[in-house]
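**Student:** Below you'll find final16.txt; it's compact mmCIF, C-alpha atoms and all ligand atoms.
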# COMPACT_ATOMS: atom_id res chain seq x y z
CA MET U 476 -31.61 -3.82 -101.67
CA LEU U 477 -30.77 -5.33 -98.32
CA ILE U 478 -29.42 -3.02 -95.60
CA LEU U 479 -27.44 -4.63 -92.77
CA SER U 480 -26.56 -2.75 -89.59
CA ASN U 481 -23.57 -3.23 -87.30
CA ALA U 482 -25.71 -5.50 -85.10
CA ASP U 483 -26.78 -7.62 -88.10
CA VAL U 484 -23.17 -8.03 -89.26
CA ARG U 485 -22.00 -8.98 -85.76
CA HIS U 486 -24.90 -11.42 -85.44
CA VAL U 487 -23.70 -13.24 -88.54
CA LEU U 488 -19.96 -13.08 -87.88
CA ASP U 489 -19.71 -13.72 -84.13
CA GLY U 490 -18.25 -17.18 -83.59
CA GLU U 491 -17.68 -17.66 -87.33
CA GLU U 492 -13.90 -17.16 -87.31
CA GLU U 493 -13.33 -20.34 -89.33
CA ALA U 494 -15.70 -19.17 -92.09
CA VAL U 495 -14.03 -15.74 -92.21
CA LEU U 496 -10.58 -17.34 -92.37
CA ALA U 497 -11.73 -19.59 -95.22
CA ALA U 498 -13.20 -16.63 -97.12
CA VAL U 499 -10.00 -14.61 -96.72
CA ARG U 500 -7.83 -17.56 -97.76
CA LEU U 501 -9.95 -18.10 -100.88
CA ALA U 502 -9.78 -14.40 -101.78
CA TYR U 503 -5.96 -14.50 -101.61
CA VAL U 504 -5.84 -17.62 -103.77
CA GLU U 505 -8.23 -16.10 -106.34
CA HIS U 506 -6.12 -12.94 -106.35
CA GLU U 507 -2.98 -15.01 -106.91
CA ARG U 508 -4.53 -16.82 -109.90
CA GLY U 509 -5.62 -13.54 -111.49
CA ALA U 510 -9.36 -13.95 -110.88
CA THR U 511 -9.76 -10.57 -109.17
CA ALA U 512 -9.76 -6.92 -110.13
CA VAL U 513 -8.34 -4.66 -107.44
CA PRO U 514 -7.73 -1.10 -108.62
CA GLU U 515 -5.55 1.10 -106.44
CA SER U 516 -7.44 2.33 -103.43
CA LEU U 517 -8.19 6.04 -103.47
CA PHE U 518 -7.28 8.22 -100.48
CA LEU U 519 -9.46 11.27 -99.84
CA ARG U 520 -7.55 13.71 -97.63
CA PHE U 521 -8.37 17.19 -96.42
CA PRO U 522 -6.60 20.55 -96.73
CA ASP U 523 -4.21 21.27 -93.80
CA ASN U 524 -4.95 17.87 -92.24
CA THR U 525 -2.50 14.99 -92.63
CA ARG U 526 -4.22 12.82 -90.04
CA ASP U 527 -7.73 12.10 -91.26
CA ARG U 528 -8.67 10.24 -94.43
CA ILE U 529 -11.46 8.35 -96.17
CA ILE U 530 -10.38 5.50 -98.46
CA ALA U 531 -12.33 3.91 -101.32
CA LEU U 532 -11.47 0.26 -102.05
CA PRO U 533 -13.33 -1.02 -105.13
CA ALA U 534 -12.85 -4.69 -105.93
CA TYR U 535 -14.10 -7.64 -107.96
CA LEU U 536 -13.69 -11.16 -106.64
CA GLY U 537 -14.14 -13.94 -109.19
CA GLY U 538 -14.32 -17.67 -108.66
CA ALA U 539 -17.36 -19.81 -107.88
CA GLU U 540 -19.35 -16.97 -106.31
CA PRO U 541 -18.28 -13.77 -108.03
CA VAL U 542 -19.05 -10.43 -106.42
CA ALA U 543 -18.14 -6.81 -107.02
CA GLY U 544 -18.37 -3.78 -104.80
CA MET U 545 -16.57 -1.21 -102.72
CA LYS U 546 -15.57 -0.44 -99.15
CA TRP U 547 -15.61 3.25 -98.19
CA ILE U 548 -13.74 3.54 -94.90
CA ALA U 549 -12.96 6.63 -92.83
CA SER U 550 -10.07 6.94 -90.39
CA PHE U 551 -10.34 9.82 -87.92
CA PRO U 552 -7.87 9.04 -85.09
CA GLY U 553 -9.15 12.01 -83.07
CA ASN U 554 -12.46 10.18 -82.60
CA VAL U 555 -10.85 7.89 -80.01
CA ALA U 556 -10.40 10.66 -77.42
CA ALA U 557 -14.11 11.42 -77.80
CA GLY U 558 -15.01 7.78 -77.17
CA VAL U 559 -15.85 7.06 -80.82
CA GLU U 560 -14.08 4.38 -82.87
CA ARG U 561 -11.33 5.67 -85.16
CA ALA U 562 -12.64 3.81 -88.21
CA SER U 563 -16.14 3.76 -89.68
CA ALA U 564 -17.17 2.18 -92.95
CA VAL U 565 -19.84 1.05 -95.36
CA VAL U 566 -19.57 -1.75 -97.91
CA VAL U 567 -21.74 -1.90 -101.00
CA LEU U 568 -22.04 -5.19 -102.89
CA ASN U 569 -22.98 -5.08 -106.58
CA SER U 570 -24.24 -7.85 -108.81
CA PRO U 571 -21.47 -8.79 -111.24
CA ASP U 572 -24.24 -9.58 -113.79
CA THR U 573 -26.19 -6.31 -113.78
CA GLY U 574 -23.98 -3.99 -111.74
CA ARG U 575 -26.98 -3.19 -109.54
CA PRO U 576 -26.33 -2.75 -105.83
CA LEU U 577 -27.53 -5.78 -103.87
CA CYS U 578 -26.61 -4.97 -100.30
CA LEU U 579 -25.36 -2.11 -98.14
CA LEU U 580 -23.52 -3.26 -95.03
CA GLU U 581 -22.04 -1.51 -92.01
CA GLY U 582 -18.36 -2.11 -92.78
CA SER U 583 -16.21 -1.57 -89.69
CA VAL U 584 -16.64 -5.08 -88.30
CA ILE U 585 -16.13 -6.68 -91.72
CA SER U 586 -13.00 -4.58 -92.24
CA ALA U 587 -11.52 -5.32 -88.80
CA ARG U 588 -12.22 -9.06 -89.01
CA ARG U 589 -10.91 -9.53 -92.53
CA THR U 590 -7.75 -7.70 -91.44
CA ALA U 591 -7.38 -9.88 -88.37
CA ALA U 592 -8.12 -13.06 -90.31
CA SER U 593 -5.42 -12.12 -92.80
CA ALA U 594 -2.87 -11.67 -90.00
CA ALA U 595 -3.85 -14.93 -88.32
CA LEU U 596 -3.76 -16.77 -91.64
CA ALA U 597 -0.23 -15.45 -92.23
CA SER U 598 0.83 -16.76 -88.83
CA ALA U 599 -0.57 -20.22 -89.64
CA THR U 600 1.00 -20.19 -93.11
CA MET U 601 4.48 -19.24 -91.82
CA PRO U 602 4.78 -21.29 -88.60
CA GLY U 603 7.68 -21.25 -86.18
CA PRO U 604 9.22 -24.45 -84.77
CA GLY U 605 6.64 -25.08 -82.03
CA PRO U 606 3.06 -24.28 -81.07
CA VAL U 607 2.26 -20.59 -80.51
CA THR U 608 1.89 -19.94 -76.78
CA GLY U 609 2.44 -16.17 -76.63
CA VAL U 610 2.07 -13.02 -78.71
CA THR U 611 3.12 -9.41 -78.31
CA VAL U 612 0.66 -6.73 -79.38
CA VAL U 613 1.85 -3.19 -80.09
CA GLY U 614 -1.16 -0.87 -80.25
CA CYS U 615 -4.22 -1.60 -78.15
CA GLY U 616 -7.11 -0.73 -80.43
CA VAL U 617 -9.89 -2.37 -82.39
CA ILE U 618 -7.61 -4.14 -84.86
CA ASN U 619 -5.37 -5.89 -82.35
CA THR U 620 -8.46 -6.90 -80.37
CA GLU U 621 -9.69 -8.71 -83.48
CA VAL U 622 -6.20 -10.04 -84.29
CA LEU U 623 -6.16 -11.76 -80.90
CA ARG U 624 -9.60 -13.24 -81.50
CA PHE U 625 -8.41 -14.78 -84.79
CA LEU U 626 -4.99 -15.82 -83.47
CA ARG U 627 -6.75 -17.71 -80.70
CA ALA U 628 -8.93 -19.44 -83.30
CA VAL U 629 -5.87 -20.45 -85.34
CA HIS U 630 -3.57 -21.26 -82.40
CA PRO U 631 -5.56 -22.94 -79.59
CA SER U 632 -2.27 -23.17 -77.62
CA LEU U 633 -2.13 -19.36 -77.27
CA ARG U 634 -2.15 -18.39 -73.58
CA GLU U 635 -0.07 -15.23 -73.00
CA VAL U 636 -0.12 -11.70 -74.37
CA ALA U 637 2.47 -8.97 -73.82
CA VAL U 638 0.75 -5.64 -74.32
CA PHE U 639 2.33 -2.32 -75.30
CA ASP U 640 0.69 1.01 -76.15
CA LEU U 641 1.87 4.61 -75.86
CA ASN U 642 -1.34 5.25 -73.94
CA ALA U 643 -1.07 3.45 -70.59
CA ASP U 644 -4.83 3.59 -69.95
CA ARG U 645 -5.58 1.89 -73.25
CA ALA U 646 -2.95 -0.77 -72.56
CA ALA U 647 -4.44 -1.52 -69.13
CA ALA U 648 -8.00 -1.66 -70.48
CA PHE U 649 -6.89 -3.93 -73.35
CA ALA U 650 -5.12 -6.29 -70.94
CA GLY U 651 -8.29 -6.50 -68.87
CA ARG U 652 -10.37 -7.38 -71.95
CA CYS U 653 -7.84 -10.06 -72.97
CA ALA U 654 -8.50 -11.87 -69.71
CA VAL U 655 -12.28 -11.42 -69.57
CA ASP U 656 -13.24 -11.79 -73.24
CA LEU U 657 -10.55 -14.16 -74.52
CA GLY U 658 -9.28 -16.01 -71.44
CA LEU U 659 -5.68 -14.92 -72.15
CA ALA U 660 -3.11 -13.94 -69.51
CA ALA U 661 -2.05 -10.40 -70.45
CA THR U 662 0.90 -8.42 -69.11
CA VAL U 663 1.27 -4.70 -69.77
CA VAL U 664 4.87 -3.94 -70.76
CA THR U 665 5.96 -0.30 -70.54
CA ASP U 666 9.14 -0.61 -72.61
CA LEU U 667 8.75 -1.28 -76.35
CA ASP U 668 11.97 -3.27 -76.78
CA THR U 669 11.08 -5.56 -73.86
CA ALA U 670 7.65 -6.12 -75.42
CA LEU U 671 9.13 -6.87 -78.85
CA ALA U 672 11.50 -9.47 -77.38
CA ALA U 673 8.85 -11.17 -75.25
CA HIS U 674 7.34 -13.50 -77.88
CA GLN U 675 8.16 -14.80 -81.36
CA LEU U 676 4.86 -13.59 -82.74
CA VAL U 677 4.28 -9.81 -82.77
CA SER U 678 1.27 -7.90 -84.06
CA ILE U 679 1.70 -4.17 -84.71
CA ALA U 680 -1.53 -2.17 -85.15
CA THR U 681 -0.88 1.42 -84.14
CA THR U 682 -1.83 4.74 -85.66
CA ALA U 683 1.81 5.74 -86.26
CA THR U 684 2.28 7.61 -89.54
CA THR U 685 6.11 7.56 -89.63
CA PRO U 686 8.47 4.67 -88.80
CA HIS U 687 9.57 4.48 -85.16
CA MET U 688 10.99 0.96 -84.64
CA ASP U 689 13.88 -0.84 -86.36
CA LEU U 690 13.04 -4.37 -85.10
CA SER U 691 16.54 -4.81 -83.60
CA ALA U 692 14.88 -5.85 -80.33
CA VAL U 693 12.90 -8.60 -82.10
CA ARG U 694 14.40 -12.08 -81.74
CA PRO U 695 15.48 -13.97 -84.90
CA GLY U 696 12.78 -16.41 -85.97
CA THR U 697 10.00 -13.99 -84.99
CA LEU U 698 7.04 -13.31 -87.27
CA VAL U 699 6.00 -9.63 -87.16
CA LEU U 700 2.49 -8.93 -88.41
CA HIS U 701 2.91 -5.32 -89.52
CA VAL U 702 -0.77 -4.56 -89.90
CA SER U 703 -0.44 -0.79 -89.50
CA LEU U 704 2.24 -0.71 -92.21
CA ARG U 705 4.11 2.49 -91.20
CA ASP U 706 5.89 1.59 -87.92
CA VAL U 707 9.03 -0.23 -89.08
CA THR U 708 12.08 1.69 -90.32
CA VAL U 709 13.59 1.10 -93.75
CA ASP U 710 16.55 -0.68 -92.10
CA GLY U 711 14.11 -2.94 -90.26
CA VAL U 712 12.32 -3.81 -93.50
CA LEU U 713 15.54 -4.48 -95.41
CA ALA U 714 16.93 -6.73 -92.66
CA ALA U 715 13.79 -8.93 -92.66
CA THR U 716 12.31 -11.61 -94.88
CA ASN U 717 9.38 -9.73 -96.40
CA VAL U 718 5.98 -11.16 -97.28
CA VAL U 719 3.21 -8.86 -98.53
CA ASP U 720 -0.32 -9.26 -99.89
CA ASP U 721 0.27 -7.44 -103.19
CA ARG U 722 3.56 -5.88 -104.32
CA ASP U 723 1.94 -3.02 -106.25
CA HIS U 724 -0.52 -2.11 -103.53
CA VAL U 725 1.88 -2.20 -100.61
CA CYS U 726 4.49 -0.10 -102.42
CA ARG U 727 2.29 2.99 -102.10
CA ALA U 728 1.05 5.54 -99.60
CA ALA U 729 4.31 5.87 -97.63
CA THR U 730 4.13 2.41 -96.09
CA SER U 731 7.42 1.15 -94.63
CA VAL U 732 7.78 -1.20 -97.61
CA HIS U 733 7.18 1.72 -99.97
CA LEU U 734 9.86 3.80 -98.18
CA ALA U 735 12.26 0.84 -98.44
CA GLU U 736 11.56 0.56 -102.19
CA GLN U 737 12.22 4.29 -102.60
CA THR U 738 15.48 3.96 -100.67
CA VAL U 739 16.99 1.04 -102.60
CA GLY U 740 15.27 1.64 -105.96
CA HIS U 741 13.80 -1.86 -106.33
CA ARG U 742 11.45 -4.38 -104.69
CA ASP U 743 13.75 -7.38 -104.66
CA PHE U 744 13.67 -7.41 -100.85
CA ILE U 745 10.03 -8.64 -101.04
CA GLN U 746 10.40 -12.44 -101.02
CA SER U 747 6.78 -13.44 -101.68
CA THR U 748 3.10 -12.68 -101.38
CA ILE U 749 0.76 -14.54 -99.07
CA GLY U 750 -1.16 -15.69 -102.18
CA GLU U 751 1.98 -17.20 -103.68
CA LEU U 752 2.64 -19.06 -100.43
CA LEU U 753 -0.95 -20.33 -100.15
CA ALA U 754 -0.94 -21.47 -103.77
CA ALA U 755 2.34 -23.34 -103.24
CA GLY U 756 1.26 -25.24 -100.09
CA ALA U 757 -0.43 -24.90 -96.73
CA THR U 758 2.60 -24.09 -94.59
CA HIS U 759 6.03 -22.58 -95.14
CA PRO U 760 8.13 -22.74 -91.95
CA ARG U 761 9.81 -19.39 -91.42
CA SER U 762 13.52 -18.72 -91.09
CA GLY U 763 14.95 -19.23 -87.61
CA GLU U 764 17.80 -16.81 -88.38
CA ARG U 765 15.87 -13.79 -89.58
CA VAL U 766 12.79 -11.79 -88.68
CA THR U 767 9.86 -12.40 -91.04
CA LEU U 768 7.80 -9.27 -91.70
CA PHE U 769 4.24 -9.60 -93.05
CA SER U 770 2.94 -6.30 -94.47
CA PRO U 771 -0.65 -6.62 -95.75
CA PHE U 772 -1.83 -3.44 -97.49
CA GLY U 773 -5.40 -4.68 -97.13
CA LEU U 774 -7.04 -5.70 -100.39
CA GLY U 775 -10.64 -4.81 -101.18
CA VAL U 776 -11.25 -8.41 -102.30
CA LEU U 777 -11.03 -9.48 -98.65
CA ASP U 778 -13.85 -7.08 -97.79
CA MET U 779 -15.90 -8.38 -100.71
CA ALA U 780 -15.33 -11.98 -99.64
CA VAL U 781 -16.43 -11.40 -96.05
CA ALA U 782 -19.27 -9.02 -96.98
CA ASN U 783 -20.61 -11.61 -99.43
CA LEU U 784 -20.53 -14.22 -96.67
CA VAL U 785 -22.50 -11.87 -94.42
CA PHE U 786 -24.96 -10.96 -97.20
CA HIS U 787 -25.91 -14.55 -98.02
CA SER U 788 -26.11 -15.62 -94.40
CA ALA U 789 -28.19 -12.58 -93.40
CA ARG U 790 -30.59 -13.09 -96.29
CA ALA U 791 -31.05 -16.76 -95.40
CA ARG U 792 -31.83 -15.78 -91.79
CA GLY U 793 -34.15 -12.88 -92.69
CA LEU U 794 -31.87 -10.28 -91.06
CA GLY U 795 -31.70 -6.60 -92.01
CA VAL U 796 -34.06 -4.23 -93.77
CA ASP U 797 -35.05 -5.07 -97.33
CA LEU U 798 -35.89 -2.03 -99.47
CA PRO U 799 -37.06 -3.40 -102.82
CA GLU U 800 -38.15 0.13 -103.82
CA PHE U 801 -34.63 1.55 -103.22
CA LEU U 802 -33.66 1.10 -106.87
CA PRO U 803 -35.82 2.16 -109.86
CA GLU U 804 -38.21 -0.52 -111.04
CA ARG U 805 -37.09 -2.69 -113.92
CA VAL U 806 -37.99 -1.19 -117.28
CA PRO U 807 -40.28 -3.56 -119.27
CA ALA U 808 -38.45 -5.22 -122.13
CA ALA U 809 -38.91 -3.36 -125.46
CA GLY U 810 -41.31 -4.87 -128.07
N1 LIG K 901 -3.44 -3.33 -93.29
C1 LIG K 901 -4.75 -3.36 -93.20
O1 LIG K 901 -5.44 -4.04 -93.95
C2 LIG K 901 -5.43 -2.55 -92.14
C3 LIG K 901 -6.81 -2.65 -91.97
C4 LIG K 901 -7.43 -1.95 -90.96
C5 LIG K 901 -6.67 -1.10 -90.14
N2 LIG K 901 -5.34 -0.98 -90.36
C6 LIG K 901 -4.52 -0.09 -89.53
O2 LIG K 901 -4.42 -0.63 -88.23
C7 LIG K 901 -4.09 0.42 -87.34
C8 LIG K 901 -4.83 0.28 -86.02
O3 LIG K 901 -6.21 0.45 -86.21
P1 LIG K 901 -7.21 0.49 -84.93
O4 LIG K 901 -8.59 0.58 -85.48
O5 LIG K 901 -6.89 -0.60 -84.00
O6 LIG K 901 -6.81 1.90 -84.30
P2 LIG K 901 -7.17 2.42 -82.83
O7 LIG K 901 -7.15 3.92 -82.93
O8 LIG K 901 -8.38 1.74 -82.30
O9 LIG K 901 -5.92 1.94 -81.94
C9 LIG K 901 -4.60 2.32 -82.23
C10 LIG K 901 -3.79 2.23 -80.94
O10 LIG K 901 -2.41 2.45 -81.27
C11 LIG K 901 -1.83 3.22 -80.21
N3 LIG K 901 -0.61 3.84 -80.72
C12 LIG K 901 -0.49 4.88 -81.57
N4 LIG K 901 0.82 5.10 -81.84
C13 LIG K 901 1.53 4.15 -81.17
C14 LIG K 901 2.91 3.83 -81.07
N5 LIG K 901 3.84 4.53 -81.73
N6 LIG K 901 3.27 2.78 -80.29
C15 LIG K 901 2.34 2.05 -79.63
N7 LIG K 901 1.00 2.32 -79.68
C16 LIG K 901 0.61 3.35 -80.45
C17 LIG K 901 -2.92 4.20 -79.81
O11 LIG K 901 -2.71 4.71 -78.50
C18 LIG K 901 -4.16 3.29 -79.89
O12 LIG K 901 -4.41 2.64 -78.66
C19 LIG K 901 -4.37 1.74 -88.09
O13 LIG K 901 -3.14 2.32 -88.48
C20 LIG K 901 -5.12 1.28 -89.33
O14 LIG K 901 -4.89 2.12 -90.44
C21 LIG K 901 -4.69 -1.70 -91.33
Kindly return the structure encoded in the file as C-alpha cells.

**Tutor:**
Amino acid sequence: MLILSNADVRHVLDGEEEAVLAAVRLAYVEHERGATAVPESLFLRFPDNTRDRIIALPAYLGGAEPVAGMKWIASFPGNVAAGVERASAVVVLNSPDTGRPLCLLEGSVISARRTAASAALASATMPGPGPVTGVTVVGCGVINTEVLRFLRAVHPSLREVAVFDLNADRAAAFAGRCAVDLGLAATVVTDLDTALAAHQLVSIATTATTPHMDLSAVRPGTLVLHVSLRDVTVDGVLAATNVVDDRDHVCRAATSVHLAEQTVGHRDFIQSTIGELLAAGATHPRSGERVTLFSPFGLGVLDMAVANLVFHSARARGLGVDLPEFLPERVPAAG
C-alpha cells in the first residue's frame, strides 16, 4: 500500500496541466461510452448543521487502465476564517482485479485540479468566436485559483481577470496572487453585475447554498462555468443553453439544475453532456445569442483518473511511503 501526502501529490501534478486535462477528457469519454460505474455520491450531514458535509464518491473507471476507488471529501466552510482550507480529502485506489487497496492519496489537490481541468476543458470544447483574453471569477477560493491555472494552460491568450467576492480581503488577496503566480492582470470589481458583464467567460466557485444570481447581467454568447452549482436562479438556468456532466447526478442535492427540474417537471432544458460533446467532436462553438451554462456535478471517475495518474507517476519516481505490511499477507493457495 502506497501512501502519498499532499507534497507528493503536488510534486507529481505541478506543471502537468496537460496530463490532467487529458485524463479528465478520457474519463468523460469513457463515461459517455458506458465504461464507468458512478453510483450516486453520498452526503453525510450533521444534526442542526446545514453547512458542513462529508461526501463519499465511489467510482470505477474502465478503459485501457481500469481503476476503482473512492474520494471521501469534507467541506467545512467555517475552516476558512480559522486559516484552514474549506475542503479536505483522501482518495483510495483499489485494484479492479482483487479489490485490494493499492494507494491512499491526499485528495484535496486532486479534487481541485480535476474540477478546474473539467471547467477549462468545457471552455475549450465550447469556444466563443475569438481567442479568450479575459475571464471573470466569482468566488476567490481554492477552486477558482485552480480554474485560472487550467484556463491559462488551455487559453495562452488569457491576460485579464475581473475578480468578485463577497469578502473584499479575499478578493484583494486573490487579485494579488493572479499577478504574482499566474502573470495575469487582475481587477477587483465590487459590483457583481459589472463583474458578470466584464468578460464572455465566467467561472463561479462560491460557497453559496441558495441561488442569488439570475445571469441577466451576463452578455449573450458568454460561457458560465457554474462550478459551485447553487448560485444561479431557476430563471437563469431555464434561459440558458445547459451543458452538464451527468444528467442524473446533477439533478440532485438542490443544485440550480435540480431546482429547475423540480420547477418545470422535466430535464428537457439540458441540451447535452460534456461527454456527448467530446464524443461528437473536439469543439462545438457556442451560441452567440444565448448564455451557455456548464454545470458539472463532479464525477468520481475524474478523481480516479487523476489519482491513478499520480499513483503510477509517484511509484515510478519512488515517492511516498510504501507499507507492504498494511494489508494482511496473502493466504497460501489451498492444496
Ligand atoms: N462541481 C464540482 O465538481 C466541485 C468540486 C469542488 C468544489 N466545488 C465547489 O466549489 C465551491 C468553491 O470551493 P472553494 O474550495 O474554492 O471554496 P473556498 O471556501 O476556498 O472559497 C469560496 C469563496 O467564495 C466566496 N463567496 C461565498 N459566497 C459568495 C457569493 N455569494 N458571491 C461571491 N463570493 C462568495 C467566499 O468568500 C470565498 O472566498 C464550493 O461550493 C465547492 O462545493 C465544486

**Student:** Quick one: residues within 10 Å of U:Pro771, all atoms listed in the file counted, chain neighbours fewer than 4 positions away excluded, as a list in words?

**Tutor:** Thr590, Ser593, Ala594, Ala597, Leu700, His701, Val702, Ser703, Leu704, Val718, Val719, Asp720, Asp721, Arg722, His724, Val725, Thr748 and Ile749 of chain U

**Student:** Which value, in Å to one decimal, gives the distance between atom C15 of ligand LIG 901 (chain K) and atom CA of U:Ser678?

**Tutor:**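 Between atom C15 of ligand LIG 901 (chain K) and atom CA of U:Ser678 the gap works out to 10.9 Å.
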
**Student:** Give as a ChimeraX atom specification the residues surrounding ligand LIG 901 (chain K) up to a distance of 6 Å, considering all atoms listed in the file.

**Tutor:** /U:552,561-562,587,590,613-619,640-642,645,680-683,702-703,771-773

**Student:** Nearest residue to U:Thr708 out of U:Arg508, U:Arg485, U:His741, U:His733, using only C-alpha atoms?

**Tutor:**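 Among the listed residues, U:His733 lies closest to U:Thr708.
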
**Student:** In Å, how far is it from atom CA of U:Ile478 to atom CA of U:Leu798?

**Tutor:** 7.6 Å

**Student:** Name the closest residue to U:Glu540 among the candidates U:Thr620, U:Ser516, U:Ser570, U:Thr685; distances are taken between atoms, counting only C-alpha atoms.

**Tutor:**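 Residue with the minimum atom-to-atom distance to U:Glu540: U:Ser570.
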
**Student:** Every residue with an atom at most 10 Å from (-9.3, -12.7, -75.1) (file coordinates; all atoms listed in the file) is what I'm after, so could you write them as a ChimeraX atom specification?

**Tutor:** /U:620-621,623-627,634-636,649-661

**Student:** Can you tell me, as a list in words, what residues are no more than 7 Å from U:Leu577 when counting all atoms listed in the file, ignoring any on the same chain fewer than 5 positions away?

**Tutor:**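 Those residues are Met476, Leu477, Leu568, Asn569 and Ser570 of chain U.
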
**Student:** To one decimal place in Å, what is the distance between atom CA of U:Leu698 and atom CA of U:Leu753?

**Tutor:**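 Interatomic distance here is 16.7 Å.
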
**Student:** Would you list the contacts of U:His674 as a list in words, taking every protein, DNA or RNA residue within 10 Å and counting all atoms listed in the file, but skipping same-chain residues closer than 3 positions in sequence?

**Tutor:**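 Answer for this query is Val607, Thr608, Gly609, Val610, Thr611, Val612, Glu635, Val636, Ala637, Thr669, Ala670, Leu671, Val677, Val693, Arg694, Thr697 and Leu698 of chain U.
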
**Student:** So, counting all atoms listed in the file, which residue among U:Leu536, U:Leu676, U:Ala692, U:Leu734 is closest to U:Val504?

**Tutor:** U:Leu536

**Student:** Using all atoms listed in the file, pick whichever of U:Val487, U:Val629, U:Ala643, U:Ile548 has the shortest atom-to-atom distance to U:Ala791.

**Tutor:** U:Val487

**Student:** Using all atoms listed in the file, which of U:Asp523, U:Asp668, U:Asp778, U:Glu800 sits nearest U:Val495?

**Tutor:**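 Among U:Asp523, U:Asp668, U:Asp778, U:Glu800, it is U:Asp778 that comes nearest to U:Val495.
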
**Student:** Using all atoms listed in the file for the distances, tell me which of U:Ser480, U:Ser632, U:Thr511, U:Thr665 is nearest to U:Tyr535.

**Tutor:**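 Smallest distance to U:Tyr535 is found for U:Thr511.
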
**Student:** Skip U:Gln737 itself and residues of its chain fewer than 4 positions away, then list as a list in words all residues within 12 Å of it, counting all atoms listed in the file.

**Tutor:**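 Counting only the stated atoms, we get Val709, Leu713, Cys726, Arg727, Ala728, Ala729, Thr730, Ser731, Val732, His733, His741, Arg742, Asp743 and Phe744 of chain U.
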
**Student:** Using only C-alpha atoms, please write the residues we just selected to a file, as a PDB file, in the coordinates of the input.

**Tutor:**
ATOM      1  CA  VAL U 709      13.590   1.100 -93.750  1.00  0.00           C
ATOM      2  CA  LEU U 713      15.540  -4.480 -95.410  1.00  0.00           C
ATOM      3  CA  CYS U 726       4.490  -0.100-102.420  1.00  0.00           C
ATOM      4  CA  ARG U 727       2.290   2.990-102.100  1.00  0.00           C
ATOM      5  CA  ALA U 728       1.050   5.540 -99.600  1.00  0.00           C
ATOM      6  CA  ALA U 729       4.310   5.870 -97.630  1.00  0.00           C
ATOM      7  CA  THR U 730       4.130   2.410 -96.090  1.00  0.00           C
ATOM      8  CA  SER U 731       7.420   1.150 -94.630  1.00  0.00           C
ATOM      9  CA  VAL U 732       7.780  -1.200 -97.610  1.00  0.00           C
ATOM     10  CA  HIS U 733       7.180   1.720 -99.970  1.00  0.00           C
ATOM     11  CA  HIS U 741      13.800  -1.860-106.330  1.00  0.00           C
ATOM     12  CA  ARG U 742      11.450  -4.380-104.690  1.00  0.00           C
ATOM     13  CA  ASP U 743      13.750  -7.380-104.660  1.00  0.00           C
ATOM     14  CA  PHE U 744      13.670  -7.410-100.850  1.00  0.00           C
TER      15      PHE U 744
END
